[in-house]
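Q: Here it is: the structure, laid out below.
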Amino acid sequence: MRAYIVSLVAMALIAVAPGSLYAADCTIKVGAVLPTSVDWGRPIAATAKMAVDIFNQAGGVKGCQVDLILRDTQVDPKVGVDAAKALVDLEKVPVLIGAVSSGVSMPILTSVSVPSNVMQMSCCSSSTVFTRLAKDGKTKGLWFRTFTTARNHSATAAKIIKEKGYKNIAVFYKNDDWGQDLGKMVKTDVTALGINVTAFVAFNDNQASYRAEVVEALKTKPEAVYVALYPREGTVAVREWISLGGTQDLVLANALKSEDFRDGVGIKYLAKSVGHDSTAPRTDSAASFTALYKERFKKDPSGPGLPNSFDAAMIALLAMEAAPDLAGDVIARSIPKVTDPNGTPIFPDEAGIKKARSLLAEGKTIRYQGGTGAVSFDQYGDVSAPGISWKFSETGIEELEYFSMDDINAIIKTLKQ
């Protein structure tokens with residue numbers, strides 16, 4: 001009898017990972033609400049899956065393999081909420097990765113994540129409305145994002161517009177949380193710089209034509225147009241704008257950093273356009289992410305939100321590893337253990353994740369350094385990042401200028417004066 005008990009104990013020790021109470025053949029589910037049905041959204045989802053695969057190669061979460069369950073949002077708030085509810089209610093996920101677009105992330109957060117005590121980590125939502133909700137305690141500490149806020153994006157856009165020498169511009173914005181927030185901030189910032197906004201035009205989603213909106217703006221004869229739209233409506237709107245004689249001097253929001261948009265409009269019509277985006281700092285960890293991405297996908301990570309998606313998934317998984325149990329609020333409270341400025345630096349490859357799991361099992365903290373650099377969240381779940389200007393080329397997207405965090409902060413300080 002004693003030998004039988006010893007045998008059972010030995011078998012249990014073999015099946016349990018160090019520092020874990022979970023069997024090696026178990027599975028832990030994580031949900032992702034991402035736009036897998038749109039061309040520019042699929043790479044974002046694929047990059048999150050890459051992070052999960054690397055984590056599984058390094059032993060998984062608490063010795064369990066992670067099952068990333070992807071649900072398509074179609075960049076539609078209602079579809080996104082339904083997808084999130086299915087993941088939470090049916091799959092019982094404690095974490096949601098996503099969504100893309102503040103207009104989709106917001107209803108998921110307020111109607112699914114917070115009521116269900118699920119941590120939400122977005123790769124691609126910039127609206128400052130999330131910050132205000134967090135300040136009011138309405139996110140309950142469950143909200144994080146690896147994408148910088150519209151404050152940084154607007155400041156970068158204003159700097160570009162000013163340096164281009166434009167005296168008057170029109171602003172096209174998507175009529176959702178993201179577009180309204182960014183559009184209003186750009187309007188305020190350029191006005192503070194003495195630039196006249198001749199037209200401020202909202203574009204609703206899923207319209208076959210935007211002729212009425214374009215004609216409204218054409219009447220004001222702007223020198224340039226700031227375009228805060230997504231590739232689908234952006235392609236239609238810009239093609240109609242140019243076909244009706246509108247200026248080809250365009251300043252493009254980060255959402256249009258898409259080869260689908262470039263090809264849909266035509267590179268010959270975008271030769272004078274310039275875009276803005278946040279970017280990773282010039283760090284070894286960002287280079288490590290690029291190398292991992294190129295090894296897997298055989299090309300550079302040039303699309304929008306790719307390092308942000310990778311880091312969102314990695315940080316969420318590390319927080320799950322660090323958490324004493326897998327309740328959403330407990331995972332959220334474990335984020336500081338994996339983003340500790342004084343913790344051991346960790347790169348996002350298999351060896352780095354193995355090292356992280358070992359350190360966390362010993363009760364130590366780590367400093368995750370990924371595709372967007374050394375990630376630090378403030379008390380509202382926000383991050384900051386450097387910025388860039390970019391342009392389209394025949395072969396892809398080229399960076400024009402890099403703005404450090406000091407540069408961005410200096411721009412913001414100027415706009416406040």
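Here, A, B, ... name the chains of the structure tokens in the order displayed, residue numbers run from 1 inside each chain, and ligands are numbered from 1 in the same displayed order.
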Enumerate, as a VMD selection string, the complete set of residues in segment 282-365 of chain A that a backbone-based DSSP assignment places in strand (DSSP E or B).
A: chain A and resid 339 344 to 346
Q: Got time to write the residues from that selection, C-alpha atoms, as a PDB file, in the first residue's frame?
A:
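Output contents, as saved in again_15.pdb:
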ATOM      1  CA  THR A 339       6.330  45.339 -15.733  1.00  0.00           C
ATOM      2  CA  THR A 344      14.853  41.482 -14.130  1.00  0.00           C
ATOM      3  CA  PRO A 345      14.770  42.454 -17.842  1.00  0.00           C
ATOM      4  CA  ILE A 346      13.007  39.849 -19.990  1.00  0.00           C
TER       5      ILE A 346
END
Q: Just list the residues in segment 118-280 of chain A DSSP gives helix (DSSP H, G or I) on the backbone, as a compact mmCIF listing (two decimals) with C-alpha atoms, in the first residue's frame.
A:
# COMPACT_ATOMS: atom_id res chain seq x y z
CA VAL A 129 -12.24 58.31 -22.99
CA PHE A 130 -10.74 55.14 -21.48
CA THR A 131 -8.47 57.27 -19.32
CA ARG A 132 -11.42 59.30 -18.06
CA LEU A 133 -13.34 56.11 -17.25
CA ALA A 134 -10.36 54.78 -15.33
CA LYS A 135 -10.01 58.03 -13.40
CA ALA A 150 -4.77 59.98 -28.90
CA ARG A 151 -2.91 62.71 -26.97
CA ASN A 152 0.41 61.51 -28.41
CA HIS A 153 -1.00 60.82 -31.88
CA SER A 154 -2.61 64.23 -32.15
CA ALA A 155 0.54 66.04 -31.04
CA THR A 156 2.59 64.20 -33.67
CA ALA A 157 0.00 64.99 -36.36
CA ALA A 158 -0.04 68.68 -35.39
CA LYS A 159 3.75 68.85 -35.60
CA ILE A 160 3.72 67.34 -39.09
CA ILE A 161 0.95 69.69 -40.28
CA LYS A 162 2.79 72.71 -38.90
CA GLU A 163 6.11 71.71 -40.44
CA LYS A 164 4.41 71.19 -43.82
CA ASP A 177 -15.07 56.80 -30.24
CA TRP A 178 -11.62 56.65 -31.86
CA GLY A 179 -12.31 59.02 -34.73
CA GLN A 180 -14.26 61.57 -32.70
CA ASP A 181 -11.57 61.69 -30.02
CA LEU A 182 -8.61 61.96 -32.39
CA GLY A 183 -10.38 64.31 -34.79
CA LYS A 184 -11.34 66.75 -32.03
CA MET A 185 -7.85 66.71 -30.54
CA VAL A 186 -6.19 67.37 -33.90
CA LYS A 187 -8.62 70.22 -34.55
CA THR A 188 -7.80 71.74 -31.16
CA ASP A 189 -4.04 71.25 -31.54
CA VAL A 190 -3.68 72.71 -35.03
CA THR A 191 -5.92 75.63 -34.09
CA ALA A 192 -3.56 76.32 -31.17
CA ARG A 211 -19.82 61.97 -52.00
CA ALA A 212 -21.98 64.26 -49.84
CA GLU A 213 -19.30 64.48 -47.13
CA VAL A 214 -16.55 65.07 -49.68
CA VAL A 215 -18.49 67.79 -51.52
CA GLU A 216 -19.12 69.56 -48.19
CA ALA A 217 -15.37 69.72 -47.52
CA LEU A 218 -14.46 70.66 -51.11
CA PRO A 231 -8.83 51.56 -44.54
CA ARG A 232 -12.30 50.49 -45.66
CA GLU A 233 -14.05 53.87 -45.53
CA GLY A 234 -10.74 55.69 -45.98
CA THR A 235 -10.22 54.12 -49.41
CA VAL A 236 -13.69 55.11 -50.61
CA ALA A 237 -13.52 58.63 -49.15
CA VAL A 238 -10.05 59.49 -50.46
CA ARG A 239 -10.77 58.10 -53.93
CA GLU A 240 -13.91 60.25 -54.16
CA TRP A 241 -12.07 63.26 -52.76
CA ILE A 242 -9.31 63.04 -55.36
CA SER A 243 -11.67 62.21 -58.25
CA ASN A 254 -2.02 55.63 -38.00
CA ALA A 255 -5.03 53.48 -38.94
CA LEU A 256 -4.29 54.16 -42.63
CA GLU A 259 -0.99 48.45 -47.81
CA ASP A 260 -4.66 47.72 -48.48
CA PHE A 261 -5.39 51.46 -48.28
CA ARG A 262 -2.36 52.27 -50.45
CA ASP A 263 -3.37 49.76 -53.12
CA GLY A 264 -7.06 50.71 -52.92
CA VAL A 265 -6.39 54.41 -53.55
CA ILE A 267 0.22 54.88 -54.96
CA LYS A 268 0.35 57.60 -57.66
CA TYR A 269 -2.34 59.55 -55.79
Q: Distance atom CA of Lys62 of chain A-atom CA of Gln120 of chain A, one decimal place?
A: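 If I compute the distance from atom CA of Lys62 of chain A to atom CA of Gln120 of chain A, I get 20.0 Å.
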Q: With only C-alpha atoms as the counted atoms, please give the residues lying no more than 9 Å from Thr283 of chain A, apart from itself and same-chain residues fewer than 5 positions off, as a PyMOL selection string.
A: chain A and resi 288+369+371-374
Q: Quick one: everything within 8 Å of Asn204 of chain A, counting only C-alpha atoms, minus sequence neighbours fewer than 2 positions away in the same chain. Send it as an NGL selection string.
A: :A and (174-176 or 202 or 206-207)
Q: Between A:Ile412, A:Val38, A:Leu317, A:Leu326, which one has atoms that come closest to Asp53 of chain A, using only C-alpha atoms?
A: A:Leu317
Q: Quick one: distance from atom CA of Leu250 of chain A to atom CA of Thr395 of chain A in Å, one decimal?
A: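 Interatomic distance, atom CA of Leu250 of chain A to atom CA of Thr395 of chain A: 19.6 Å.
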Q: Excluding Lys92 of chain A and residues on its chain fewer than 3 positions from it, collect all residues at most 10 Å away from it, counting only C-alpha atoms, and give them as a list in words.
A: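 My reading of the contact set: Ile28, Lys29, Val30, Gly31, Lys85, Ala86, Leu87, Val88, Asp89, Val95, Ser116 and Val118 of chain A.
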Q: Those same residues, written as a PDB file, in the first residue's frame with C-alpha atoms?
A:
ATOM      1  CA  ILE A  28      -5.893  27.393 -20.078  1.00  0.00           C
ATOM      2  CA  LYS A  29      -8.160  29.444 -22.324  1.00  0.00           C
ATOM      3  CA  VAL A  30      -7.534  33.055 -23.310  1.00  0.00           C
ATOM      4  CA  GLY A  31      -9.975  35.021 -25.457  1.00  0.00           C
ATOM      5  CA  LYS A  85     -19.901  37.593 -24.454  1.00  0.00           C
ATOM      6  CA  ALA A  86     -19.500  34.191 -26.094  1.00  0.00           C
ATOM      7  CA  LEU A  87     -15.884  33.973 -24.946  1.00  0.00           C
ATOM      8  CA  VAL A  88     -16.712  35.002 -21.389  1.00  0.00           C
ATOM      9  CA  ASP A  89     -20.020  33.181 -20.895  1.00  0.00           C
ATOM     10  CA  VAL A  95      -8.708  37.563 -20.101  1.00  0.00           C
ATOM     11  CA  SER A 116     -17.840  39.874 -15.700  1.00  0.00           C
ATOM     12  CA  VAL A 118     -12.485  39.918 -16.950  1.00  0.00           C
TER      13      VAL A 118
END
